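Undergrad: Mind looking over this structure? Questions follow.
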Number of protein chains: 2
Amino acid sequence: MAVNLLPPDPAALRPVAGVRLGVTEAGIRKANRKDLLVIELAPGTLVGGVFTRNRFCAAPVTLTKRHLASGKAMRALVINTGNANAGTGADGLARAGRVCDALAQIMGVEGDQVLPFSTGVILEPLPVDRVVAGLPAALAGLAAENWAQAAQAIMTTDTVAKAASVVVELGGRSVTLTGISKGSGMIHPDMATMLAFVATDAGLSQACLDDALRQSCDQSFNCVTVDGDTSTNDSFMLMATGRAGVTIDSIHSSEYARFTQALNEVCIKLAQAMARDGEGASKFITLTIEGGRSRDECRKIGFAIAHSPLVKTAFFASDPNLGRILAAIGYAGVDDLDVDQLELYLDDVRVAVQGGRDPDYREENGQKILKQPEIEVRVVLHRGAARAQIWTCDLSHDYVKINAEYRT
Amino acid sequence: MAVNLLPPDPAALRPVAGVRLGVTEAGIRKANRKDLLVIELAPGTLVGGVFTRNRFCAAPVTLTKRHLASGKAMRALVINTGNANAGTGADGLARAGRVCDALAQIMGVEGDQVLPFSTGVILEPLPVDRVVAGLPAALAGLAAENWAQAAQAIMTTDTVAKAASVVVELGGRSVTLTGISKGSGMIHPDMATMLAFVATDAGLSQACLDDALRQSCDQSFNCVTVDGDTSTNDSFMLMATGRAGVTIDSIHSSEYARFTQALNEVCIKLAQAMARDGEGASKFITLTIEGGRSRDECRKIGFAIAHSPLVKTAFFASDPNLGRILAAIGYAGVDDLDVDQLELYLDDVRVAVQGGRDPDYREENGQKILKQPEIEVRVVLHRGAARAQIWTCDLSHDYVKINAEYRT
């Protein structure tokens, strides 16, 4: 039961010139389920990525980084669900390589021009034969209009497919950005993100593409958490085909500014969708921490609140047991925080002031807000001008149910 | 449903000469529930404490620290449940002071010879009149044999009272250590602990007492976590009456070594009891991390596993989805960890070796162990000689239920 999140309207997802997508049912873990996606890139497409900093980085992540570093032109991405190919050692790397080679052979390119991605169960061998057997069907279905199907094919415990499209005018040309992502557990991309793929027909120099990728990730995917678990497979990829006839080659240009604004719009929508569809989510919660000395300390406090099982269960129950939020702020690791300066709001209702309960606060006002499907928690630190926003969801019975039964 | 944890046998809880305890039903939050405890200390008793480092440190914690710093002889502790008196600002401090003053007046001592402790809901005013009204009844019932009743009176969401006693021979004298503690949510005493009170009739110099307190806390309460939430009210107090006729005044003496060994025994039992009776717990899990470069990095990894909702729900479900453990190790923050060296065991079954699945591992062997009520997870890092142990529990439907309904 995702919070205020509708499946993408296929008609609203704009094709990106130079990108075609094909999906199939490869039966990797379960039958009758789209679990394999190929994204074909036209020659000349530039690709960049940011990846999990989990030390147990999955084999496909290692291989993707290696292929990107080869300096060759990337021609395809291949993404499977049902198996993460993580915690699989040297054998896992070999299996990911076999998938790339098989796809490259059919396409008539080199193995290191293909980027592999996996998501699913960790510590189990990738059934590479099934993946390879599914490739011809995925390729046969390649089409520029397949973004909605692609969003569906990368779902795991997601209940709603996640995709977004923005069109922006740049240098007199119409530029499209379209992206897809998946959640919805093991979500705490403090370093990178879950799987997200965004393509544009704008042309970007590699420096501009890498910069846009990083700043956008920092404003979007790095601000969302479901359960504080950072995945082994997080990857956010940006692909720029250049087919729109406009090229951005300076991060100081107005085109770059407008492009990154559009990119942020797509990425924030995809990132928020992960929290809206967090495992078992019944509430979408925005944490705004302001008046801090640095963005970093605001983020620390935001994530402490967002990761507290006690806060999350109180939100689930619509119980304004808001002292739990204060406790989380207190242990967030901001050692010189003067809590006597602090204000806490639920939407526009002030709950605490000067570190204690606001004398005018009435529990029924807090309760009313907690019953809403979307809630903003605002913490004002009164010690500086920095600010951060974190998006998360509540912790419900269904989270436990989904994760207790994940492999059954 | 606490895991292998029986209520304390009153007969096995040895009185400590110089300490008397009295409890009553003060109706602080709920009727017909023992919620107020007074611990009376004989003149000459030395007291030390370690406290939460949560920046939202509760009013009674602030006051207890202030009273200890006065240099006066402490004569009583007063502990209430039902209200934490935290997030209550200057008014909360005044209320805690009124409780101390009222008790001191009846006992004929000074207000700053009384140490206050509270546990319960945060951000609500302490009903000080009810606490004060309950004091005479608690004092009327003072008795040296009341440790089991005392353990019961400090329970909140605990399902089983927690107490332990050890007798040790020191310098030809029989020395007793008896303690009580409470859990069972908002438990991650990384800095201090939940409420725990241990008394001994040994005499200790203040230096020995403070040292024993710190090292023991570090070996026991600081190794347990239920949900990663560090409370605003954590306090661990050690009281030494000296009535056994033996005095320990050097941390280099063999008496000190044997005393701290006995103290560790009591504290580890109390700390483990918190995890055994963690909110909604159905499994007691010991995480042993060894072969690390430092105890600190072993603890980081242990807590990352212990706090992962995905690992905890898998344990609840008896599902050997053990890749989740690898993922948690990977994001624990040990940045130069070479995962290819790593071994993972469930009890004696090796699951992973050289960072990947052990070829000899059979899922049914893992499953069998996960069905046990007590499980050891052992991680061998192969990069040093340091070691740490963390105790925790699983994350069940009941955790969500208990915390969603905590105030109803």
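Chain labels follow the order of the structure tokens: the first chain is A, the next B, and so on; residue numbering restarts at 1 in every chain, and ligands are counted from 1 in their shown order.
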I'd like the neighbourhood of range 289-303 of chain B as a list in words, where a residue qualifies if any of its atoms comes within 7 Å (using only C-alpha atoms), though same-chain residues fewer than 2 positions away should be ignored.
TA: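 Those residues are Leu287, Ile305, Ala306, His307, Ile329, Ala332, Val334, Arg378, Val379, Val380, Leu381, His382, Arg383, Gly384, Ala385, Ala386, Arg387, Ala388, Gln389 and Ile390 of chain B.
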Undergrad: Go ahead and save the residues from that selection, with N, CA and C atoms, as a PDB file, in the first residue's frame.
TA:
```
ATOM      1  N   LEU B 287      26.345 -12.097  19.071  1.00  0.00           N
ATOM      2  CA  LEU B 287      27.195 -11.808  17.913  1.00  0.00           C
ATOM      3  C   LEU B 287      28.629 -11.752  18.385  1.00  0.00           C
ATOM      4  N   ILE B 305      25.138  -5.387  12.443  1.00  0.00           N
ATOM      5  CA  ILE B 305      24.311  -6.591  12.279  1.00  0.00           C
ATOM      6  C   ILE B 305      23.110  -6.526  13.231  1.00  0.00           C
ATOM      7  N   ALA B 306      23.386  -6.174  14.478  1.00  0.00           N
ATOM      8  CA  ALA B 306      22.342  -6.189  15.513  1.00  0.00           C
ATOM      9  C   ALA B 306      21.246  -5.167  15.255  1.00  0.00           C
ATOM     10  N   HIS B 307      21.565  -4.096  14.528  1.00  0.00           N
ATOM     11  CA  HIS B 307      20.577  -3.051  14.274  1.00  0.00           C
ATOM     12  C   HIS B 307      19.865  -3.204  12.940  1.00  0.00           C
ATOM     13  N   ILE B 329      27.577  -6.182   7.509  1.00  0.00           N
ATOM     14  CA  ILE B 329      29.029  -6.094   7.748  1.00  0.00           C
ATOM     15  C   ILE B 329      29.632  -5.092   6.770  1.00  0.00           C
ATOM     16  N   ALA B 332      29.091  -1.397   7.747  1.00  0.00           N
ATOM     17  CA  ALA B 332      29.326  -1.073   9.159  1.00  0.00           C
ATOM     18  C   ALA B 332      30.269   0.112   9.359  1.00  0.00           C
ATOM     19  N   VAL B 334      33.644   0.057   8.466  1.00  0.00           N
ATOM     20  CA  VAL B 334      35.058  -0.315   8.535  1.00  0.00           C
ATOM     21  C   VAL B 334      35.574  -0.209   7.094  1.00  0.00           C
ATOM     22  N   ARG B 378      28.939 -15.850  14.363  1.00  0.00           N
ATOM     23  CA  ARG B 378      30.361 -15.571  14.568  1.00  0.00           C
ATOM     24  C   ARG B 378      30.954 -15.081  13.254  1.00  0.00           C
ATOM     25  N   VAL B 379      31.600 -13.932  13.312  1.00  0.00           N
ATOM     26  CA  VAL B 379      32.240 -13.354  12.127  1.00  0.00           C
ATOM     27  C   VAL B 379      33.740 -13.323  12.405  1.00  0.00           C
ATOM     28  N   VAL B 380      34.519 -13.908  11.518  1.00  0.00           N
ATOM     29  CA  VAL B 380      35.982 -13.898  11.682  1.00  0.00           C
ATOM     30  C   VAL B 380      36.565 -13.000  10.594  1.00  0.00           C
ATOM     31  N   LEU B 381      37.229 -11.944  11.011  1.00  0.00           N
ATOM     32  CA  LEU B 381      37.703 -10.928  10.062  1.00  0.00           C
ATOM     33  C   LEU B 381      39.098 -11.226   9.507  1.00  0.00           C
ATOM     34  N   HIS B 382      39.868 -12.018  10.254  1.00  0.00           N
ATOM     35  CA  HIS B 382      41.235 -12.381   9.812  1.00  0.00           C
ATOM     36  C   HIS B 382      42.094 -11.166   9.520  1.00  0.00           C
ATOM     37  N   ARG B 383      42.095 -10.188  10.408  1.00  0.00           N
ATOM     38  CA  ARG B 383      42.977  -9.042  10.203  1.00  0.00           C
ATOM     39  C   ARG B 383      43.590  -8.556  11.511  1.00  0.00           C
ATOM     40  N   GLY B 384      43.409  -9.301  12.594  1.00  0.00           N
ATOM     41  CA  GLY B 384      43.986  -8.890  13.866  1.00  0.00           C
ATOM     42  C   GLY B 384      43.540  -9.818  14.977  1.00  0.00           C
ATOM     43  N   ALA B 385      43.753  -9.391  16.209  1.00  0.00           N
ATOM     44  CA  ALA B 385      43.480 -10.258  17.352  1.00  0.00           C
ATOM     45  C   ALA B 385      42.358  -9.735  18.237  1.00  0.00           C
ATOM     46  N   ALA B 386      41.738  -8.644  17.846  1.00  0.00           N
ATOM     47  CA  ALA B 386      40.694  -8.055  18.698  1.00  0.00           C
ATOM     48  C   ALA B 386      39.368  -8.779  18.516  1.00  0.00           C
ATOM     49  N   ARG B 387      38.497  -8.579  19.511  1.00  0.00           N
ATOM     50  CA  ARG B 387      37.281  -9.371  19.591  1.00  0.00           C
ATOM     51  C   ARG B 387      36.227  -8.567  20.344  1.00  0.00           C
ATOM     52  N   ALA B 388      34.961  -8.750  19.997  1.00  0.00           N
ATOM     53  CA  ALA B 388      33.879  -8.123  20.765  1.00  0.00           C
ATOM     54  C   ALA B 388      32.649  -9.010  20.687  1.00  0.00           C
ATOM     55  N   GLN B 389      31.804  -8.872  21.697  1.00  0.00           N
ATOM     56  CA  GLN B 389      30.572  -9.640  21.715  1.00  0.00           C
ATOM     57  C   GLN B 389      29.405  -8.681  21.954  1.00  0.00           C
ATOM     58  N   ILE B 390      28.352  -8.871  21.193  1.00  0.00           N
ATOM     59  CA  ILE B 390      27.146  -8.038  21.304  1.00  0.00           C
ATOM     60  C   ILE B 390      25.962  -8.980  21.485  1.00  0.00           C
TER      61      ILE B 390
END
```
Undergrad: Should the cut-off be 6 Å, what would the residue list for chain A against chain B look like, counting only C-alpha atoms, as a list in words?
TA: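 Residues of chain A within 6 Å of chain B, counting only C-alpha atoms: Asn54, Arg55, Phe56, Gly87, Thr88, Gly89, Ile122, Leu123, Thr232, Thr313, Ala314, Ala317, Gly323, Ala327, Gly330, Tyr331, Gly355, Gly356, Arg357, His397, Val400, Asn403 and Ala404 of chain A.
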Undergrad: Could you write out that same residue set with N, CA and C atoms as a short mmCIF file (atom, residue, chain, number, x, y, z; two decimals), in the first residue's frame?
TA:
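Below is the file that was written, part-v3.cif:
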```cif
data_model
loop_
_atom_site.label_atom_id
_atom_site.label_comp_id
_atom_site.auth_asym_id
_atom_site.auth_seq_id
_atom_site.Cartn_x
_atom_site.Cartn_y
_atom_site.Cartn_z
N ASN A 54 29.01 0.03 0.24
CA ASN A 54 29.02 -1.19 1.04
C ASN A 54 30.27 -2.00 0.67
N ARG A 55 31.04 -2.44 1.69
CA ARG A 55 32.26 -3.21 1.42
C ARG A 55 31.94 -4.51 0.71
N PHE A 56 30.73 -5.06 0.96
CA PHE A 56 30.30 -6.24 0.24
C PHE A 56 29.62 -5.81 -1.06
N GLY A 87 27.99 -11.20 -2.39
CA GLY A 87 28.51 -12.17 -1.42
C GLY A 87 28.82 -13.47 -2.15
N THR A 88 29.26 -13.34 -3.41
CA THR A 88 29.44 -14.53 -4.24
C THR A 88 30.89 -14.69 -4.72
N GLY A 89 31.78 -13.79 -4.24
CA GLY A 89 33.21 -13.96 -4.51
C GLY A 89 33.58 -13.96 -5.99
N ILE A 122 20.87 -12.12 -1.61
CA ILE A 122 22.32 -12.09 -1.51
C ILE A 122 22.81 -13.49 -1.14
N LEU A 123 24.03 -13.82 -1.52
CA LEU A 123 24.71 -15.04 -1.07
C LEU A 123 24.25 -16.28 -1.82
N THR A 232 24.04 -3.90 -1.06
CA THR A 232 25.28 -4.29 -1.72
C THR A 232 25.27 -3.92 -3.19
N THR A 313 7.40 3.26 14.58
CA THR A 313 6.19 2.54 15.01
C THR A 313 5.16 3.51 15.56
N ALA A 314 5.59 4.60 16.20
CA ALA A 314 4.63 5.61 16.69
C ALA A 314 3.90 6.25 15.50
N ALA A 317 1.29 3.94 14.24
CA ALA A 317 0.12 3.88 15.12
C ALA A 317 -0.63 5.21 15.20
N GLY A 323 8.13 12.37 22.24
CA GLY A 323 9.37 12.33 23.00
C GLY A 323 10.39 11.42 22.33
N ALA A 327 14.39 12.00 21.75
CA ALA A 327 15.42 11.03 22.12
C ALA A 327 16.34 10.76 20.94
N GLY A 330 18.64 13.52 20.31
CA GLY A 330 19.66 13.55 21.36
C GLY A 330 20.80 12.58 21.16
N TYR A 331 20.52 11.45 20.49
CA TYR A 331 21.61 10.48 20.30
C TYR A 331 22.17 10.50 18.88
N GLY A 355 13.49 23.14 24.05
CA GLY A 355 13.85 21.81 24.50
C GLY A 355 12.81 21.11 25.33
N GLY A 356 11.66 21.76 25.56
CA GLY A 356 10.59 21.12 26.34
C GLY A 356 9.26 21.21 25.61
N ARG A 357 8.25 20.62 26.17
CA ARG A 357 6.93 20.63 25.55
C ARG A 357 6.42 22.07 25.46
N HIS A 397 3.46 -3.44 10.79
CA HIS A 397 3.41 -4.91 10.84
C HIS A 397 3.85 -5.50 9.50
N VAL A 400 7.61 -6.19 8.87
CA VAL A 400 8.09 -7.44 9.47
C VAL A 400 7.61 -8.63 8.65
N ASN A 403 9.52 -8.93 5.29
CA ASN A 403 10.91 -9.34 5.40
C ASN A 403 11.11 -10.67 6.09
N ALA A 404 10.11 -11.08 6.86
CA ALA A 404 10.18 -12.41 7.45
C ALA A 404 9.89 -13.46 6.37
#
```
Undergrad: Quick one: pick out all helix (DSSP H, G or I) residues within range 16-191 of chain A from a backbone DSSP run and write them as a PDB file with N, CA and C atoms, in the first residue's frame.
TA:
```
ATOM      1  N   ALA A  59      29.063  -8.359  -7.214  1.00  0.00           N
ATOM      2  CA  ALA A  59      29.887  -8.628  -8.398  1.00  0.00           C
ATOM      3  C   ALA A  59      29.519  -7.725  -9.578  1.00  0.00           C
ATOM      4  N   PRO A  60      28.226  -7.562  -9.911  1.00  0.00           N
ATOM      5  CA  PRO A  60      27.907  -6.706 -11.065  1.00  0.00           C
ATOM      6  C   PRO A  60      28.348  -5.250 -10.847  1.00  0.00           C
ATOM      7  N   VAL A  61      28.324  -4.775  -9.607  1.00  0.00           N
ATOM      8  CA  VAL A  61      28.776  -3.404  -9.347  1.00  0.00           C
ATOM      9  C   VAL A  61      30.276  -3.294  -9.636  1.00  0.00           C
ATOM     10  N   THR A  62      31.028  -4.280  -9.178  1.00  0.00           N
ATOM     11  CA  THR A  62      32.467  -4.303  -9.441  1.00  0.00           C
ATOM     12  C   THR A  62      32.743  -4.306 -10.945  1.00  0.00           C
ATOM     13  N   LEU A  63      31.978  -5.127 -11.651  1.00  0.00           N
ATOM     14  CA  LEU A  63      32.211  -5.258 -13.093  1.00  0.00           C
ATOM     15  C   LEU A  63      31.786  -3.985 -13.839  1.00  0.00           C
ATOM     16  N   THR A  64      30.686  -3.403 -13.425  1.00  0.00           N
ATOM     17  CA  THR A  64      30.231  -2.152 -14.065  1.00  0.00           C
ATOM     18  C   THR A  64      31.293  -1.067 -13.913  1.00  0.00           C
ATOM     19  N   LYS A  65      31.854  -0.959 -12.700  1.00  0.00           N
ATOM     20  CA  LYS A  65      32.898   0.052 -12.484  1.00  0.00           C
ATOM     21  C   LYS A  65      34.087  -0.222 -13.391  1.00  0.00           C
ATOM     22  N   ARG A  66      34.444  -1.498 -13.512  1.00  0.00           N
ATOM     23  CA  ARG A  66      35.598  -1.874 -14.326  1.00  0.00           C
ATOM     24  C   ARG A  66      35.343  -1.543 -15.796  1.00  0.00           C
ATOM     25  N   HIS A  67      34.139  -1.857 -16.288  1.00  0.00           N
ATOM     26  CA  HIS A  67      33.822  -1.591 -17.698  1.00  0.00           C
ATOM     27  C   HIS A  67      33.791  -0.091 -17.975  1.00  0.00           C
ATOM     28  N   LEU A  68      33.226   0.680 -17.043  1.00  0.00           N
ATOM     29  CA  LEU A  68      33.200   2.139 -17.222  1.00  0.00           C
ATOM     30  C   LEU A  68      34.621   2.687 -17.314  1.00  0.00           C
ATOM     31  N   ALA A  69      35.523   2.071 -16.521  1.00  0.00           N
ATOM     32  CA  ALA A  69      36.901   2.563 -16.480  1.00  0.00           C
ATOM     33  C   ALA A  69      37.686   2.196 -17.733  1.00  0.00           C
ATOM     34  N   GLY A  89      31.779 -13.790  -4.243  1.00  0.00           N
ATOM     35  CA  GLY A  89      33.210 -13.958  -4.513  1.00  0.00           C
ATOM     36  C   GLY A  89      33.579 -13.959  -5.986  1.00  0.00           C
ATOM     37  N   ALA A  90      34.677 -14.652  -6.307  1.00  0.00           N
ATOM     38  CA  ALA A  90      35.219 -14.655  -7.669  1.00  0.00           C
ATOM     39  C   ALA A  90      34.254 -15.325  -8.639  1.00  0.00           C
ATOM     40  N   ASP A  91      33.534 -16.326  -8.150  1.00  0.00           N
ATOM     41  CA  ASP A  91      32.570 -17.021  -9.005  1.00  0.00           C
ATOM     42  C   ASP A  91      31.469 -16.061  -9.463  1.00  0.00           C
ATOM     43  N   GLY A  92      31.050 -15.190  -8.562  1.00  0.00           N
ATOM     44  CA  GLY A  92      30.003 -14.221  -8.905  1.00  0.00           C
ATOM     45  C   GLY A  92      30.456 -13.270  -9.995  1.00  0.00           C
ATOM     46  N   LEU A  93      31.710 -12.875  -9.927  1.00  0.00           N
ATOM     47  CA  LEU A  93      32.274 -11.975 -10.922  1.00  0.00           C
ATOM     48  C   LEU A  93      32.306 -12.659 -12.298  1.00  0.00           C
ATOM     49  N   ALA A  94      32.693 -13.936 -12.292  1.00  0.00           N
ATOM     50  CA  ALA A  94      32.732 -14.695 -13.539  1.00  0.00           C
ATOM     51  C   ALA A  94      31.331 -14.823 -14.133  1.00  0.00           C
ATOM     52  N   ARG A  95      30.346 -15.055 -13.264  1.00  0.00           N
ATOM     53  CA  ARG A  95      28.976 -15.199 -13.775  1.00  0.00           C
ATOM     54  C   ARG A  95      28.469 -13.888 -14.383  1.00  0.00           C
ATOM     55  N   ALA A  96      28.747 -12.773 -13.710  1.00  0.00           N
ATOM     56  CA  ALA A  96      28.328 -11.471 -14.255  1.00  0.00           C
ATOM     57  C   ALA A  96      29.002 -11.231 -15.606  1.00  0.00           C
ATOM     58  N   GLY A  97      30.271 -11.646 -15.709  1.00  0.00           N
ATOM     59  CA  GLY A  97      31.001 -11.496 -16.972  1.00  0.00           C
ATOM     60  C   GLY A  97      30.382 -12.317 -18.087  1.00  0.00           C
ATOM     61  N   ARG A  98      29.909 -13.511 -17.733  1.00  0.00           N
ATOM     62  CA  ARG A  98      29.295 -14.367 -18.765  1.00  0.00           C
ATOM     63  C   ARG A  98      28.021 -13.740 -19.320  1.00  0.00           C
ATOM     64  N   VAL A  99      27.265 -13.074 -18.451  1.00  0.00           N
ATOM     65  CA  VAL A  99      26.048 -12.393 -18.912  1.00  0.00           C
ATOM     66  C   VAL A  99      26.420 -11.281 -19.900  1.00  0.00           C
ATOM     67  N   CYS A 100      27.427 -10.490 -19.532  1.00  0.00           N
ATOM     68  CA  CYS A 100      27.854  -9.388 -20.420  1.00  0.00           C
ATOM     69  C   CYS A 100      28.325  -9.924 -21.767  1.00  0.00           C
ATOM     70  N   ASP A 101      29.143 -10.968 -21.710  1.00  0.00           N
ATOM     71  CA  ASP A 101      29.687 -11.529 -22.951  1.00  0.00           C
ATOM     72  C   ASP A 101      28.585 -12.049 -23.852  1.00  0.00           C
ATOM     73  N   ALA A 102      27.600 -12.717 -23.240  1.00  0.00           N
ATOM     74  CA  ALA A 102      26.512 -13.288 -24.036  1.00  0.00           C
ATOM     75  C   ALA A 102      25.726 -12.188 -24.730  1.00  0.00           C
ATOM     76  N   LEU A 103      25.438 -11.115 -24.002  1.00  0.00           N
ATOM     77  CA  LEU A 103      24.681 -10.021 -24.605  1.00  0.00           C
ATOM     78  C   LEU A 103      25.515  -9.322 -25.682  1.00  0.00           C
ATOM     79  N   ALA A 104      26.796  -9.136 -25.377  1.00  0.00           N
ATOM     80  CA  ALA A 104      27.677  -8.455 -26.334  1.00  0.00           C
ATOM     81  C   ALA A 104      27.760  -9.233 -27.642  1.00  0.00           C
ATOM     82  N   GLN A 105      27.836 -10.548 -27.505  1.00  0.00           N
ATOM     83  CA  GLN A 105      27.962 -11.383 -28.700  1.00  0.00           C
ATOM     84  C   GLN A 105      26.756 -11.219 -29.625  1.00  0.00           C
ATOM     85  N   ILE A 106      25.556 -11.248 -29.036  1.00  0.00           N
ATOM     86  CA  ILE A 106      24.348 -11.077 -29.861  1.00  0.00           C
ATOM     87  C   ILE A 106      24.340  -9.694 -30.514  1.00  0.00           C
ATOM     88  N   MET A 107      24.802  -8.684 -29.759  1.00  0.00           N
ATOM     89  CA  MET A 107      24.734  -7.305 -30.260  1.00  0.00           C
ATOM     90  C   MET A 107      25.909  -6.948 -31.166  1.00  0.00           C
ATOM     91  N   GLY A 111      32.346  -7.410 -24.703  1.00  0.00           N
ATOM     92  CA  GLY A 111      31.766  -7.689 -23.377  1.00  0.00           C
ATOM     93  C   GLY A 111      31.885  -6.517 -22.420  1.00  0.00           C
ATOM     94  N   ASP A 112      32.982  -5.762 -22.540  1.00  0.00           N
ATOM     95  CA  ASP A 112      33.142  -4.656 -21.599  1.00  0.00           C
ATOM     96  C   ASP A 112      32.462  -3.376 -22.080  1.00  0.00           C
ATOM     97  N   GLN A 113      31.608  -3.506 -23.098  1.00  0.00           N
ATOM     98  CA  GLN A 113      30.734  -2.388 -23.468  1.00  0.00           C
ATOM     99  C   GLN A 113      29.326  -2.590 -22.889  1.00  0.00           C
ATOM    100  N   VAL A 128      23.017 -18.101 -14.153  1.00  0.00           N
ATOM    101  CA  VAL A 128      23.440 -17.375 -15.346  1.00  0.00           C
ATOM    102  C   VAL A 128      22.838 -17.965 -16.618  1.00  0.00           C
ATOM    103  N   ASP A 129      22.598 -19.269 -16.636  1.00  0.00           N
ATOM    104  CA  ASP A 129      22.026 -19.866 -17.840  1.00  0.00           C
ATOM    105  C   ASP A 129      20.631 -19.313 -18.126  1.00  0.00           C
ATOM    106  N   ARG A 130      19.862 -19.137 -17.060  1.00  0.00           N
ATOM    107  CA  ARG A 130      18.512 -18.587 -17.263  1.00  0.00           C
ATOM    108  C   ARG A 130      18.568 -17.146 -17.757  1.00  0.00           C
ATOM    109  N   VAL A 131      19.517 -16.380 -17.204  1.00  0.00           N
ATOM    110  CA  VAL A 131      19.649 -14.982 -17.655  1.00  0.00           C
ATOM    111  C   VAL A 131      20.005 -14.952 -19.141  1.00  0.00           C
ATOM    112  N   VAL A 132      21.004 -15.746 -19.496  1.00  0.00           N
ATOM    113  CA  VAL A 132      21.471 -15.754 -20.884  1.00  0.00           C
ATOM    114  C   VAL A 132      20.359 -16.237 -21.821  1.00  0.00           C
ATOM    115  N   ALA A 133      19.624 -17.258 -21.379  1.00  0.00           N
ATOM    116  CA  ALA A 133      18.536 -17.782 -22.216  1.00  0.00           C
ATOM    117  C   ALA A 133      17.455 -16.735 -22.451  1.00  0.00           C
ATOM    118  N   GLY A 134      17.326 -15.780 -21.505  1.00  0.00           N
ATOM    119  CA  GLY A 134      16.285 -14.755 -21.654  1.00  0.00           C
ATOM    120  C   GLY A 134      16.681 -13.596 -22.549  1.00  0.00           C
ATOM    121  N   LEU A 135      17.971 -13.472 -22.849  1.00  0.00           N
ATOM    122  CA  LEU A 135      18.449 -12.282 -23.571  1.00  0.00           C
ATOM    123  C   LEU A 135      17.809 -12.092 -24.961  1.00  0.00           C
ATOM    124  N   PRO A 136      17.718 -13.154 -25.792  1.00  0.00           N
ATOM    125  CA  PRO A 136      17.144 -12.938 -27.131  1.00  0.00           C
ATOM    126  C   PRO A 136      15.727 -12.365 -27.071  1.00  0.00           C
ATOM    127  N   ALA A 137      14.915 -12.850 -26.139  1.00  0.00           N
ATOM    128  CA  ALA A 137      13.535 -12.338 -26.048  1.00  0.00           C
ATOM    129  C   ALA A 137      13.536 -10.870 -25.645  1.00  0.00           C
ATOM    130  N   ALA A 138      14.425 -10.501 -24.705  1.00  0.00           N
ATOM    131  CA  ALA A 138      14.494  -9.105 -24.278  1.00  0.00           C
ATOM    132  C   ALA A 138      14.917  -8.218 -25.449  1.00  0.00           C
ATOM    133  N   LEU A 139      15.886  -8.703 -26.217  1.00  0.00           N
ATOM    134  CA  LEU A 139      16.379  -7.916 -27.358  1.00  0.00           C
ATOM    135  C   LEU A 139      15.324  -7.817 -28.457  1.00  0.00           C
ATOM    136  N   ALA A 140      14.579  -8.890 -28.651  1.00  0.00           N
ATOM    137  CA  ALA A 140      13.551  -8.893 -29.705  1.00  0.00           C
ATOM    138  C   ALA A 140      12.493  -7.839 -29.417  1.00  0.00           C
ATOM    139  N   TRP A 147       9.525   2.344 -21.361  1.00  0.00           N
ATOM    140  CA  TRP A 147       9.980   2.738 -20.015  1.00  0.00           C
ATOM    141  C   TRP A 147       9.084   2.173 -18.909  1.00  0.00           C
ATOM    142  N   ALA A 148       7.784   2.172 -19.133  1.00  0.00           N
ATOM    143  CA  ALA A 148       6.876   1.667 -18.078  1.00  0.00           C
ATOM    144  C   ALA A 148       7.111   0.176 -17.833  1.00  0.00           C
ATOM    145  N   GLN A 149       7.264  -0.584 -18.915  1.00  0.00           N
ATOM    146  CA  GLN A 149       7.559  -2.014 -18.754  1.00  0.00           C
ATOM    147  C   GLN A 149       8.908  -2.214 -18.063  1.00  0.00           C
ATOM    148  N   ALA A 150       9.862  -1.353 -18.399  1.00  0.00           N
ATOM    149  CA  ALA A 150      11.193  -1.462 -17.785  1.00  0.00           C
ATOM    150  C   ALA A 150      11.104  -1.205 -16.284  1.00  0.00           C
ATOM    151  N   ALA A 151      10.328  -0.185 -15.903  1.00  0.00           N
ATOM    152  CA  ALA A 151      10.157   0.127 -14.478  1.00  0.00           C
ATOM    153  C   ALA A 151       9.562  -1.071 -13.746  1.00  0.00           C
ATOM    154  N   GLN A 152       8.664  -1.763 -14.422  1.00  0.00           N
ATOM    155  CA  GLN A 152       8.017  -2.927 -13.827  1.00  0.00           C
ATOM    156  C   GLN A 152       8.997  -4.106 -13.715  1.00  0.00           C
ATOM    157  N   ALA A 153       9.868  -4.247 -14.696  1.00  0.00           N
ATOM    158  CA  ALA A 153      10.762  -5.407 -14.730  1.00  0.00           C
ATOM    159  C   ALA A 153      11.835  -5.350 -13.646  1.00  0.00           C
TER     160      ALA A 153
END
```
Undergrad: Let's see if you can do this: from backbone DSSP, list all strand (DSSP E) residues in range 143-272 of chain A, as a ChimeraX atom specification.
TA: /A:162-170,173-181,196-200,203-204,235-240,247-248
Undergrad: So how many Å separate CA of Gly179 in chain B and CA of Val246 in chain B, to one decimal?
TA: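 Distance reported for this atom pair: 19.4 Å.
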Undergrad: Write out as a list in words which residues come within 7 Å of range 71-81 of chain A when counting only C-alpha atoms, dropping same-chain ones fewer than 4 positions away.
TA: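 Final neighbour list, sorted by chain and number: Asp35, Leu36, Leu37, Val38, Ile39, Glu40, Leu41, Ala42, Pro43, Gly44, Val47, Gln113, Val114, Leu115, Pro116, Phe117, Ser118, Thr119, Gly120, Ile154 and Thr156 of chain A.
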